[in-house]
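As stored in run19.cif (mmCIF, C-alpha atoms):
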```
data_query
#
loop_
_atom_site.label_atom_id
_atom_site.label_comp_id
_atom_site.auth_asym_id
_atom_site.auth_seq_id
_atom_site.Cartn_x
_atom_site.Cartn_y
_atom_site.Cartn_z
CA MET A 1 0.00 0.00 0.00
CA SER A 2 0.48 4.84 1.02
CA VAL A 3 3.57 18.22 -0.50
CA GLN A 4 0.72 19.54 -2.34
CA ALA A 5 -2.06 21.89 -1.43
CA ALA A 6 -5.08 19.61 -1.02
CA PRO A 7 -8.67 20.53 -1.81
CA SER A 8 -11.20 20.58 0.99
CA PRO A 9 -12.98 17.31 1.85
CA THR A 10 -16.17 19.15 1.00
CA ASP A 11 -15.23 19.14 -2.70
CA SER A 12 -17.40 16.46 -4.29
CA PRO A 13 -20.07 16.16 -6.92
CA ALA A 14 -23.65 16.60 -5.84
CA GLN A 15 -25.47 13.36 -5.21
CA PRO A 16 -28.20 12.43 -7.68
CA THR A 17 -31.78 13.19 -6.74
CA PRO A 18 -33.86 10.00 -6.33
CA PRO A 19 -36.69 9.60 -8.85
CA PRO A 20 -40.21 10.51 -7.66
CA ALA A 21 -42.39 7.70 -6.40
CA ASP A 22 -44.99 6.37 -8.80
CA ALA A 23 -48.25 7.91 -7.56
CA THR A 24 -50.31 5.37 -9.49
CA ALA A 25 -48.70 2.33 -7.90
CA PRO A 26 -51.00 0.41 -5.52
CA ALA A 27 -50.21 0.64 -1.83
CA PRO A 28 -48.77 -2.54 -0.32
CA ALA A 29 -51.05 -4.65 1.82
CA ALA A 30 -48.82 -4.22 4.84
CA PRO A 31 -45.74 -2.02 5.26
CA PRO A 32 -42.49 -3.98 5.36
CA PRO A 33 -40.46 -3.85 8.56
CA ALA A 34 -38.10 -0.90 8.74
CA PRO A 35 -34.59 -1.90 7.69
CA PHE A 36 -31.75 -1.61 10.13
CA ARG A 37 -29.66 1.47 9.42
CA MET A 38 -26.38 2.61 10.87
CA PRO A 39 -26.81 5.91 12.74
CA GLY A 40 -26.02 8.93 10.62
CA PRO A 41 -24.40 12.11 11.89
CA HIS A 42 -27.67 13.56 13.17
CA SER A 43 -28.84 10.55 15.19
CA LEU A 44 -25.35 10.32 16.68
CA VAL A 45 -26.11 13.51 18.58
CA ALA A 46 -28.81 11.64 20.48
CA LEU A 47 -26.35 8.86 21.23
CA LEU A 48 -23.91 11.36 22.65
CA ARG A 49 -26.53 12.92 24.86
CA ALA A 50 -27.71 9.54 26.11
CA HIS A 51 -24.35 7.84 26.64
CA LEU A 52 -21.79 10.57 27.19
CA PRO A 53 -23.26 12.89 29.82
CA GLY A 54 -20.63 15.04 31.40
CA LEU A 55 -18.07 14.31 28.69
CA PRO A 56 -14.97 16.28 29.71
CA VAL A 57 -14.44 18.78 26.93
CA SER A 58 -12.31 21.41 28.61
CA ASP A 59 -9.46 22.49 26.39
CA VAL A 60 -11.07 20.64 23.46
CA PRO A 61 -12.31 22.79 20.54
CA SER A 62 -16.06 22.48 20.49
CA VAL A 63 -18.02 20.74 17.77
CA PRO A 64 -21.54 22.21 17.64
CA ASP A 65 -24.53 20.00 18.14
CA LEU A 66 -25.41 18.78 14.65
CA ALA A 67 -29.07 19.49 15.33
CA ASP A 68 -28.12 23.18 15.52
CA LEU A 69 -26.42 23.26 12.15
CA PRO A 70 -28.35 24.97 9.35
CA GLY A 71 -30.26 22.84 6.90
CA LEU A 72 -30.60 19.79 9.16
CA ALA A 73 -33.74 18.54 7.43
CA ASP A 74 -32.05 18.83 4.05
CA PRO A 75 -28.27 18.78 4.64
CA PRO A 76 -26.29 20.95 2.24
CA ARG A 77 -24.50 19.10 -0.50
CA PRO A 78 -20.91 20.07 -1.21
CA PRO A 79 -20.44 22.06 -4.42
CA GLU A 80 -19.04 20.31 -7.47
CA SER A 81 -15.37 21.00 -7.96
CA ALA A 82 -12.88 20.24 -10.68
CA SER A 83 -10.54 18.89 -7.99
CA ALA A 84 -12.97 16.13 -7.07
CA GLN A 85 -13.84 13.94 -9.97
CA VAL A 86 -15.54 10.81 -11.07
CA GLY A 87 -13.64 8.88 -13.73
CA SER A 88 -13.82 10.57 -17.09
CA SER A 89 -16.55 8.33 -18.46
CA LEU A 90 -19.05 6.18 -16.66
CA PRO A 91 -19.08 2.53 -17.69
CA GLY A 92 -21.95 1.20 -19.73
CA PRO A 93 -24.61 -1.17 -18.44
CA PRO A 94 -23.27 -4.22 -16.57
CA SER A 95 -23.08 -7.43 -18.53
CA LEU A 96 -22.25 -11.02 -17.72
CA ALA A 97 -18.93 -10.80 -19.55
CA ARG A 98 -16.18 -12.61 -17.68
CA SER A 99 -13.15 -11.33 -19.54
CA VAL A 100 -10.42 -10.26 -17.15
CA ALA A 101 -7.76 -9.45 -19.73
CA GLY A 102 -5.93 -6.63 -17.99
CA ARG A 103 -4.61 -3.22 -18.92
CA ARG A 104 -1.86 -1.40 -17.08
CA GLY A 105 -2.26 1.83 -15.19
CA GLY A 106 -4.89 4.50 -14.85
CA ALA A 107 -7.85 5.02 -12.57
CA VAL A 108 -10.88 2.74 -12.44
CA PRO A 109 -13.47 4.33 -14.79
CA GLY A 110 -16.47 5.61 -12.88
CA LEU A 111 -14.66 5.57 -9.52
CA LYS A 112 -14.99 8.67 -7.37
CA TYR A 113 -11.59 10.00 -6.35
CA ARG A 114 -9.71 13.26 -5.89
CA THR A 115 -6.69 14.02 -8.01
CA VAL A 116 -3.46 14.81 -6.17
CA ALA A 117 -0.11 16.29 -7.09
CA PRO A 118 2.65 13.77 -7.87
CA ALA A 119 4.80 12.71 -4.94
CA ASP A 120 8.03 14.67 -4.55
CA PRO A 121 10.55 12.14 -5.98
CA ALA A 122 13.42 13.39 -3.81
CA LYS A 123 11.36 13.11 -0.64
CA ALA A 124 10.05 9.64 -1.60
CA ALA A 125 13.58 8.46 -2.38
CA GLU A 126 14.88 9.71 0.96
CA VAL A 127 12.10 7.94 2.87
CA ASP A 128 12.83 4.76 0.90
CA ARG A 129 16.53 5.07 1.70
CA ARG A 130 15.81 5.42 5.41
CA LEU A 131 13.34 2.54 5.38
CA GLU A 132 15.64 0.15 3.56
CA ASP A 133 18.53 1.04 5.86
CA TRP A 134 16.27 0.41 8.88
CA ALA A 135 15.02 -2.91 7.47
CA ARG A 136 18.55 -4.10 6.66
CA ARG A 137 19.89 -3.15 10.07
CA LEU A 138 17.12 -5.18 11.71
CA ASP A 139 17.54 -8.02 9.19
CA LEU A 140 13.79 -7.98 8.51
CA PHE A 141 13.75 -9.85 5.21
CA PRO A 142 16.13 -11.77 2.95
CA GLU A 143 17.99 -10.18 0.07
CA LYS A 144 15.78 -11.96 -2.49
CA TRP A 145 12.86 -9.78 -1.37
CA SER A 146 14.59 -6.61 -2.59
CA GLY A 147 12.42 -6.50 -5.71
CA ASP A 148 9.30 -6.66 -3.58
CA PHE A 149 10.58 -3.78 -1.46
CA SER A 150 11.32 -1.48 -4.39
CA GLY A 151 8.14 -2.51 -6.24
CA PHE A 152 5.91 -1.67 -3.32
CA GLN A 153 7.16 1.95 -3.33
CA PHE A 154 6.84 2.53 0.43
CA GLY A 155 8.39 6.00 0.29
CA ARG A 156 6.14 7.16 -2.53
CA ALA A 157 3.13 5.71 -0.73
CA VAL A 158 3.61 7.64 2.51
CA VAL A 159 4.56 10.87 0.72
CA LEU A 160 1.30 10.68 -1.26
CA GLN A 161 -0.77 9.68 1.78
CA HIS A 162 0.59 12.35 4.13
CA PRO A 163 1.04 15.54 2.06
CA CYS A 164 1.02 17.72 5.20
CA ALA A 165 3.52 15.63 7.21
CA ALA A 166 5.41 17.74 9.71
CA ASP A 167 8.83 16.35 8.77
CA LEU A 168 10.75 13.46 7.23
CA GLU A 169 11.11 11.77 10.61
CA ARG A 170 7.35 11.40 10.93
CA LEU A 171 6.99 10.27 7.32
CA THR A 172 9.63 7.63 7.96
CA ALA A 173 7.85 6.51 11.14
CA ALA A 174 4.64 6.05 9.12
CA GLY A 175 6.63 4.13 6.50
CA LYS A 176 8.08 1.79 9.15
CA LEU A 177 4.60 0.96 10.43
CA LEU A 178 3.41 0.34 6.86
CA LEU A 179 6.39 -1.89 6.11
CA ALA A 180 5.95 -3.87 9.35
CA GLU A 181 2.22 -4.38 8.73
CA ASN A 182 2.92 -5.73 5.25
CA LEU A 183 5.70 -7.97 6.53
CA VAL A 184 3.44 -9.58 9.15
CA ASP A 185 0.63 -9.96 6.61
CA SER A 186 2.96 -11.57 4.06
CA CYS A 187 4.75 -13.91 6.47
CA TYR A 188 1.83 -14.87 8.73
CA CYS A 189 -1.36 -14.55 6.65
CA GLU A 190 -0.83 -14.66 2.87
CA VAL A 191 -0.58 -18.39 2.24
CA ASP A 192 -0.42 -17.93 -1.54
CA GLU A 193 2.91 -16.13 -1.33
CA GLY A 194 4.77 -19.33 -0.38
CA ARG A 195 6.55 -17.78 2.59
CA GLY A 196 5.56 -20.31 5.23
CA ALA A 197 2.28 -18.66 6.19
CA SER A 198 -0.79 -20.76 6.88
CA HIS A 199 -4.33 -20.23 8.07
CA LYS A 200 -3.75 -22.99 10.59
CA GLY A 201 -2.48 -21.61 13.87
CA LEU A 202 -2.77 -17.99 12.73
CA GLY A 203 -4.35 -16.92 16.03
CA GLY A 204 -1.29 -17.99 17.98
CA ARG A 205 1.04 -16.08 15.67
CA LEU A 206 -1.09 -12.93 15.73
CA ILE A 207 -1.37 -12.85 19.52
CA MET A 208 2.44 -12.83 19.65
CA ALA A 209 2.42 -10.09 17.01
CA GLN A 210 0.01 -8.05 19.11
CA SER A 211 2.33 -8.44 22.11
CA ALA A 212 5.13 -6.92 20.05
CA LEU A 213 3.00 -3.76 20.12
CA ASP A 214 1.28 -4.22 23.50
CA PRO A 215 4.14 -5.52 25.65
CA TYR A 216 4.03 -8.34 28.15
CA HIS A 217 4.24 -7.39 31.87
CA GLY A 218 5.23 -9.97 34.45
CA THR A 219 8.27 -11.12 36.39
CA PRO A 220 11.64 -9.75 35.25
CA GLU A 221 12.76 -13.19 34.11
CA LEU A 222 9.67 -13.78 31.96
CA GLU A 223 9.78 -10.26 30.54
CA GLU A 224 13.36 -10.94 29.46
CA GLU A 225 12.27 -14.17 27.74
CA TRP A 226 9.50 -12.23 25.99
CA ARG A 227 12.02 -9.64 24.75
CA HIS A 228 14.24 -12.38 23.36
CA GLY A 229 11.19 -13.90 21.64
CA MET A 230 10.32 -10.58 20.01
CA GLU A 231 13.87 -10.15 18.69
CA ALA A 232 14.13 -13.71 17.38
CA ASP A 233 11.52 -13.33 14.60
CA GLY A 234 11.61 -10.81 11.73
CA PRO A 235 7.91 -9.87 11.65
CA LEU A 236 7.78 -9.49 15.45
CA ARG A 237 11.00 -7.49 15.37
CA SER A 238 9.55 -5.17 12.72
CA TYR A 239 6.40 -4.50 14.77
CA HIS A 240 8.32 -3.89 17.98
CA HIS A 241 10.86 -1.45 16.55
CA ALA A 242 8.40 0.35 14.27
CA LEU A 243 6.11 1.08 17.21
CA ALA A 244 9.01 2.30 19.34
CA ASP A 245 10.02 4.73 16.60
CA PHE A 246 6.43 5.91 16.12
CA ALA A 247 6.02 6.44 19.88
CA ALA A 248 9.05 8.74 19.79
CA VAL A 249 7.17 11.23 17.57
CA ALA A 250 3.57 10.62 18.78
CA THR A 251 1.81 11.21 22.09
CA PRO A 252 1.03 8.29 24.44
CA SER A 253 -2.64 8.60 23.49
CA GLN A 254 -1.88 8.42 19.76
CA THR A 255 0.39 5.43 20.31
CA ASP A 256 -2.28 3.61 22.32
CA ARG A 257 -4.83 4.43 19.61
CA PHE A 258 -2.61 2.76 17.04
CA VAL A 259 -2.10 -0.34 19.22
CA HIS A 260 -5.87 -0.81 19.54
CA ASP A 261 -6.38 -0.31 15.80
CA MET A 262 -3.83 -3.06 15.17
CA ALA A 263 -5.85 -5.40 17.40
CA ARG A 264 -8.84 -4.63 15.18
CA LEU A 265 -6.73 -5.45 12.12
CA HIS A 266 -5.64 -8.77 13.60
CA MET A 267 -9.27 -9.66 14.33
CA GLY A 268 -10.04 -9.05 10.66
CA TYR A 269 -7.12 -11.27 9.60
CA LEU A 270 -8.48 -14.06 11.79
CA ALA A 271 -12.01 -13.77 10.38
CA GLU A 272 -10.74 -13.93 6.81
CA ALA A 273 -8.57 -16.97 7.64
CA ALA A 274 -11.44 -18.73 9.39
CA TRP A 275 -13.70 -18.23 6.37
CA ALA A 276 -11.01 -19.62 4.07
CA GLU A 277 -10.53 -22.68 6.29
CA THR A 278 -14.24 -23.47 6.48
CA GLY A 279 -15.17 -22.44 2.94
CA PHE A 280 -17.68 -19.90 4.30
CA LYS A 281 -19.33 -17.76 1.63
CA PRO A 282 -20.21 -14.40 3.20
CA ARG A 283 -23.06 -12.17 2.18
CA VAL A 284 -22.02 -8.75 0.91
CA TRP A 285 -22.69 -6.99 4.22
CA GLU A 286 -20.84 -9.73 6.12
CA TYR A 287 -17.82 -9.38 3.88
CA LEU A 288 -17.78 -5.59 4.34
CA VAL A 289 -18.04 -5.99 8.12
CA MET A 290 -14.93 -8.17 8.00
CA ARG A 291 -13.17 -5.59 5.82
CA GLN A 292 -14.01 -2.82 8.27
CA PHE A 293 -11.62 -4.63 10.61
CA ASN A 294 -9.20 -6.02 8.01
CA ASN A 295 -8.45 -2.66 6.43
CA PHE A 296 -6.20 0.38 6.41
CA ARG A 297 -7.46 1.94 9.63
CA PRO A 298 -4.10 1.80 11.48
CA CYS A 299 -2.65 3.92 8.65
CA LEU A 300 -5.44 6.50 8.57
CA SER A 301 -5.86 7.00 12.30
CA ILE A 302 -2.28 8.27 12.65
CA VAL A 303 -2.76 11.23 10.28
CA ASP A 304 -2.72 13.75 13.12
CA ALA A 305 0.49 12.32 14.59
CA VAL A 306 2.24 12.41 11.20
CA ASP A 307 1.04 15.98 10.61
CA GLY A 308 2.47 17.07 13.97
CA TYR A 309 -0.59 17.68 16.17
CA GLU A 310 -3.07 15.66 18.23
CA LEU A 311 -6.82 15.30 17.94
CA PRO A 312 -7.54 14.90 21.69
CA GLU A 313 -8.83 11.53 22.81
CA ALA A 314 -12.10 12.97 24.16
CA LEU A 315 -12.81 14.33 20.69
CA TYR A 316 -11.41 11.42 18.68
CA ALA A 317 -13.58 8.94 20.61
CA ARG A 318 -16.85 10.68 19.77
CA PRO A 319 -19.14 8.59 17.55
CA GLU A 320 -19.25 11.20 14.77
CA ILE A 321 -15.45 11.18 14.47
CA GLN A 322 -15.34 7.40 14.65
CA ARG A 323 -17.90 7.24 11.84
CA ILE A 324 -16.05 9.48 9.38
CA THR A 325 -12.84 7.60 10.21
CA ALA A 326 -14.54 4.27 9.45
CA LEU A 327 -16.12 5.59 6.24
CA ALA A 328 -12.74 6.80 4.96
CA CYS A 329 -11.11 3.49 5.85
CA ASN A 330 -13.89 1.47 4.21
CA ALA A 331 -13.80 3.50 1.00
CA THR A 332 -10.07 3.12 0.54
CA THR A 333 -10.23 -0.59 1.37
CA ILE A 334 -12.72 -1.12 -1.45
CA VAL A 335 -10.27 0.77 -3.69
CA ASN A 336 -7.70 -1.87 -2.77
CA ASP A 337 -10.19 -4.63 -3.66
CA LEU A 338 -10.85 -3.05 -7.05
CA TYR A 339 -7.20 -2.56 -7.99
CA SER A 340 -6.13 -5.98 -6.62
CA PHE A 341 -8.99 -7.77 -8.38
CA THR A 342 -7.12 -9.27 -11.34
CA LYS A 343 -4.04 -10.09 -9.23
CA GLU A 344 -6.17 -12.11 -6.80
CA LEU A 345 -8.19 -14.08 -9.35
CA GLY A 346 -5.47 -16.72 -9.44
CA ASP A 347 -6.56 -17.89 -5.97
CA PRO A 348 -10.16 -19.17 -6.12
CA THR A 349 -10.43 -19.07 -2.31
CA HIS A 350 -9.47 -15.40 -2.01
CA LEU A 351 -12.30 -12.99 -1.29
CA ASN A 352 -12.68 -9.46 -2.56
CA LEU A 353 -15.78 -7.33 -2.99
CA PRO A 354 -16.47 -8.07 -6.70
CA VAL A 355 -16.11 -11.82 -6.13
CA VAL A 356 -18.48 -11.69 -3.14
CA VAL A 357 -21.02 -9.57 -5.05
CA ALA A 358 -20.89 -11.97 -8.02
CA ALA A 359 -21.55 -14.97 -5.75
CA ASN A 360 -24.45 -13.28 -3.96
CA ASP A 361 -26.08 -11.63 -6.97
CA LYS A 362 -25.44 -14.66 -9.21
CA CYS A 363 -24.03 -12.42 -11.89
CA GLY A 364 -20.85 -12.19 -13.93
CA LEU A 365 -17.68 -10.65 -12.62
CA LYS A 366 -18.06 -7.54 -14.78
CA ALA A 367 -21.48 -6.70 -13.37
CA ALA A 368 -20.21 -7.40 -9.86
CA TYR A 369 -17.15 -5.21 -10.38
CA LEU A 370 -19.25 -2.27 -11.56
CA ARG A 371 -21.62 -2.65 -8.61
CA SER A 372 -18.59 -2.60 -6.29
CA VAL A 373 -17.54 0.72 -7.83
CA GLU A 374 -21.02 2.05 -7.01
CA ILE A 375 -20.78 0.85 -3.40
CA HIS A 376 -17.44 2.62 -3.05
CA ASN A 377 -18.83 5.86 -4.48
CA ARG A 378 -21.77 5.91 -2.08
CA ILE A 379 -19.44 5.40 0.88
CA MET A 380 -17.22 8.22 -0.39
CA ASP A 381 -20.26 10.49 -0.71
CA ALA A 382 -21.21 9.76 2.91
CA PHE A 383 -17.65 10.43 4.11
CA GLU A 384 -17.40 13.75 2.31
CA THR A 385 -20.86 15.00 3.29
CA GLU A 386 -20.53 14.09 6.96
CA SER A 387 -16.95 15.37 7.15
CA ALA A 388 -18.11 18.73 5.80
CA LEU A 389 -20.83 19.01 8.45
CA LEU A 390 -18.45 18.19 11.29
CA SER A 391 -15.65 20.38 9.94
CA ALA A 392 -17.91 23.42 9.94
CA GLY A 393 -17.90 23.43 13.75
CA SER A 394 -14.21 23.00 14.59
CA PRO A 395 -10.94 23.89 12.84
CA LEU A 396 -9.30 20.94 14.59
CA VAL A 397 -11.91 18.49 13.31
CA ALA A 398 -11.57 20.07 9.86
CA ARG A 399 -7.83 19.47 9.97
CA TYR A 400 -8.31 15.82 10.96
CA ALA A 401 -10.99 15.27 8.30
CA GLN A 402 -8.68 16.83 5.72
CA GLY A 403 -5.93 14.45 6.80
CA LEU A 404 -8.26 11.49 6.27
CA ALA A 405 -9.29 12.82 2.85
CA ASP A 406 -5.63 13.35 1.90
CA TRP A 407 -4.76 9.77 2.86
CA VAL A 408 -7.67 8.38 0.83
CA ALA A 409 -6.72 10.49 -2.22
CA GLY A 410 -3.01 9.74 -1.98
CA ASN A 411 -3.60 6.03 -1.53
CA HIS A 412 -5.84 5.98 -4.61
CA GLU A 413 -3.08 7.66 -6.61
CA TRP A 414 -0.58 5.06 -5.37
CA HIS A 415 -2.88 2.22 -6.47
CA ALA A 416 -3.74 3.78 -9.84
CA THR A 417 -0.09 4.39 -10.77
CA ASN A 418 1.67 1.38 -9.22
CA HIS A 419 2.09 -0.66 -12.40
CA HIS A 420 4.41 -3.11 -10.66
CA ARG A 421 1.55 -4.45 -8.56
CA TYR A 422 -1.77 -3.71 -10.26
CA HIS A 423 -3.62 -3.77 -13.55
CA LEU A 424 -7.32 -3.38 -14.29
CA PRO A 425 -9.78 -5.79 -15.85
CA ASP A 426 -10.86 -5.01 -19.43
CA TYR A 427 -14.45 -4.08 -18.49
CA TRP A 428 -14.82 -0.73 -20.31
#
```
Using structure tokens, write down the structure from this file.
Amino acid sequence: MSVQAAPSPTDSPAQPTPPPADATAPAPAAPPPAPFRMPGPHSLVALLRAHLPGLPVSDVPSVPDLADLPGLADPPRPPESASAQVGSSLPGPPSLARSVAGRRGGAVPGLKYRTVAPADPAKAAEVDRRLEDWARRLDLFPEKWSGDFSGFQFGRAVVLQHPCAADLERLTAAGKLLLAENLVDSCYCEVDEGRGASHKGLGGRLIMAQSALDPYHGTPELEEEWRHGMEADGPLRSYHHALADFAAVATPSQTDRFVHDMARLHMGYLAEAAWAETGFKPRVWEYLVMRQFNNFRPCLSIVDAVDGYELPEALYARPEIQRITALACNATTIVNDLYSFTKELGDPTHLNLPVVVAANDKCGLKAAYLRSVEIHNRIMDAFETESALLSAGSPLVARYAQGLADWVAGNHEWHATNHHRYHLPDYW
């Protein structure tokens, strides 16, 4: 996976107006039960009032009650901007075509994304140099993986994802975390890479990985054995040292936030492995629940630390902030599914959103792929609209929401231009 002036997260095309109901249609005999819906930004106010009375907010910039914002009944839609775009031409009607002959490079047609300035090549090269030196000093992977390292473009990824990073030290810290996460995933989880990983026993390996971030506390003798265990394995060593270097530039609260987000990630890894072992075929919503855990959240939730400030815990923990964070993470994770689609088709057991949609809708892969693009776009619309509402009440929230939007945009650019790893299906 992933210093230009970035457009506001409010820049997005207006959402289409739903067609009017057919007045001549007969009324149903009985109304269907109301579907379950996740709380939106307005109903979250009620949750706050009910569950967070007396929330300590001293020294925290206030976010106004959303019920007091203008236009509550009909929330304002962000204006259309040239800096936020949907792919140049929308795809035609879905078909059952199954061709997956690929083409290199470019954005997914019809996908909603924001264009970004190219990564500064000198800055990306310097981050890469620091990361490779760090990885070699810790002996994190064998020499034969050098092509994988350069092909992944870690330095370019973090430069694109964090355009407002405070300094190279923080960019490098983000790159170390990204490298370590990919190393653990490759060595412990990705059985198709032939690096000794297996679904069997994954829970035991991941609990040790979590302890590399969330250290063991006990007798001095046992703590010393734990330290030796962490240093004896490359993936564990990468986690342990990457977190130590991140903690040197982040606050204790930001560091603890990252540790908890990694536990979420590991839970997602375990769910995916369990489904592969049992042959479970998830419904679309079940798959997306799993991907809300097995996603890029640990990368996105450090945007304030990398940019050199802190969104205070009392504010970060509020449901509205958690929701826009989750929406940003979910949108960019679907982007990964779309760009990885052809690469993953070689493994019939591997799940991604188009494959899950095709199985559930009993349609061809092309139709499923195009529906997945639509799901992504609707999640992006929700992220941008709700971020704009929250940002109107607090400069600090606006800065955090901008950081999320920058990460999403930069990560899309990394996917769309990383020809070493990705190519698109021939569906347009």
Next item on the list: Spell out the residues picked by the PyMOL selection byres ((chain A and resi 242) around 9) here, as a ChimeraX atom specification.
Entry: /A:173-180,213,237-241,243-247
Notebook entry, point to check: Rounded to one decimal in Å, what is the spacing between atom CA of Asp406 of chain A and atom CA of Lys123 of chain A?
Noted result: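 Answer for the atom CA of Asp406 of chain A to atom CA of Lys123 of chain A separation: 17.2 Å.
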Margin query: Which residues are close to Leu338 of chain A, i.e. within 12 Å by only C-alpha atoms, leaving aside same-chain residues fewer than 6 positions away? Reply as a VMD selection string.
Written below: chain A and resid 107 to 111 331 to 332 344 to 345 351 to 355 365 to 366 368 to 376 412 415 to 416 422 to 425
Next item on the list: Might you pull out every residue within 9 Å of segment 285-288 of chain A, with all atoms listed in the file counted and same-chain residues fewer than 2 positions away left off, and present them as an MDAnalysis selection string?
Entry: chainID A and resid 272 281:283 290:293 330 334 351:353 356
Checklist line | Point-to-point distance from atom CA of Gly308 of chain A to atom CA of Ala166 of chain A, Å rounded to tenths | finding: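 So the answer is 5.2 Å.
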Check: Which is closer to Gln210 of chain A than all the others in A:Ala122, A:Leu311, A:Ala305, A:Leu265, using only C-alpha atoms?
Finding: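 For Gln210 of chain A, the nearest of the given residues is A:Leu265.
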Next item on the list: Rounded to one decimal place, report the atom CA of Val408 of chain A-atom CA of Leu171 of chain A distance in Å.
Entry: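 Atom-to-atom, atom CA of Val408 of chain A and atom CA of Leu171 of chain A are spaced 16.1 Å apart.
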Note to self: Tell me which residues come within 6 Å of (11.2, 10.8, 14.2), as a PyMOL selection string, counting all atoms listed in the file in the file's coordinates.
What the structure shows: chain A and resi 169-170+249
Next item on the list: Please write the residues picked by the PyMOL selection byres ((chain A and resi 154) around 12) on this file as a PyMOL selection string.
Entry: chain A and resi 1-2+119+123-132+148-153+155-161+171-182+411+414-415+418
Check: Which one is closest to Phe383 of chain A: A:Glu320, A:Asp347, A:Asp139, A:Asp426? Count all atoms listed in the file.
Finding: A:Glu320
Next item on the list: Any chance you could resolve the PyMOL selection byres ((chain A and resi 215-221) around 12) against this file and give the residues as a list in words?
Entry: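 On the file shown, the PyMOL selection byres ((chain A and resi 215-221) around 12) covers Ile207, Met208, Ala209, Gln210, Ser211, Ala212, Leu213, Asp214, Leu222, Glu223, Glu224, Glu225, Trp226, Arg227, His228, Gly229, Met230, Leu236, Tyr239, His240, Leu243, Ala244, Asp256 and Val259 of chain A.
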Mind writing the picked residues with C-alpha atoms as a short mmCIF file (atom, residue, chain, number, x, y, z; two decimals), keeping the file's coordinate frame?
```cif
data_model
loop_
_atom_site.label_atom_id
_atom_site.label_comp_id
_atom_site.auth_asym_id
_atom_site.auth_seq_id
_atom_site.Cartn_x
_atom_site.Cartn_y
_atom_site.Cartn_z
CA ILE A 207 -1.37 -12.85 19.52
CA MET A 208 2.44 -12.83 19.65
CA ALA A 209 2.42 -10.09 17.01
CA GLN A 210 0.01 -8.05 19.11
CA SER A 211 2.33 -8.44 22.11
CA ALA A 212 5.13 -6.92 20.05
CA LEU A 213 3.00 -3.76 20.12
CA ASP A 214 1.28 -4.22 23.50
CA LEU A 222 9.67 -13.78 31.96
CA GLU A 223 9.78 -10.26 30.54
CA GLU A 224 13.36 -10.94 29.46
CA GLU A 225 12.27 -14.17 27.74
CA TRP A 226 9.50 -12.23 25.99
CA ARG A 227 12.02 -9.64 24.75
CA HIS A 228 14.24 -12.38 23.36
CA GLY A 229 11.19 -13.90 21.64
CA MET A 230 10.32 -10.58 20.01
CA LEU A 236 7.78 -9.49 15.45
CA TYR A 239 6.40 -4.50 14.77
CA HIS A 240 8.32 -3.89 17.98
CA LEU A 243 6.11 1.08 17.21
CA ALA A 244 9.01 2.30 19.34
CA ASP A 256 -2.28 3.61 22.32
CA VAL A 259 -2.10 -0.34 19.22
#
```
Kindly provide, as AutoDock Vina command-line options, the centre and edge lengths (Å, one decimal) of an axis-aligned box around all atoms of segment 178-188 of chain A given in the file, with 3 Å on each side.
```
--center_x 3.5 --center_y -7.3 --center_z 6.7 --size_x 11.8 --size_y 21.2 --size_z 11.3
```
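Each of A:Thr251, A:Ser387, A:Thr349, A:Ser394 was compared to Ile321 of chain A using all atoms listed in the file, and A:Ser387 turns out to be the nearest.
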Notebook entry, point to check: Between A:Trp275, A:Phe341, A:Phe296, A:Phe258, which is the closest to Cys329 of chain A once you count all atoms listed in the file?
Noted result: A:Phe296
Check: Which is closest to Asp233 of chain A among A:Ala263, A:Val184, A:Cys189, A:Ala276, if we use all atoms listed in the file?
Finding: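 Closest to Asp233 of chain A, using all atoms listed in the file: A:Val184.
Taking all atoms listed in the file into account, Ala367 of chain A lies nearest to A:Tyr427 out of the set A:Pro395, A:His420, A:Tyr427, A:Pro121.
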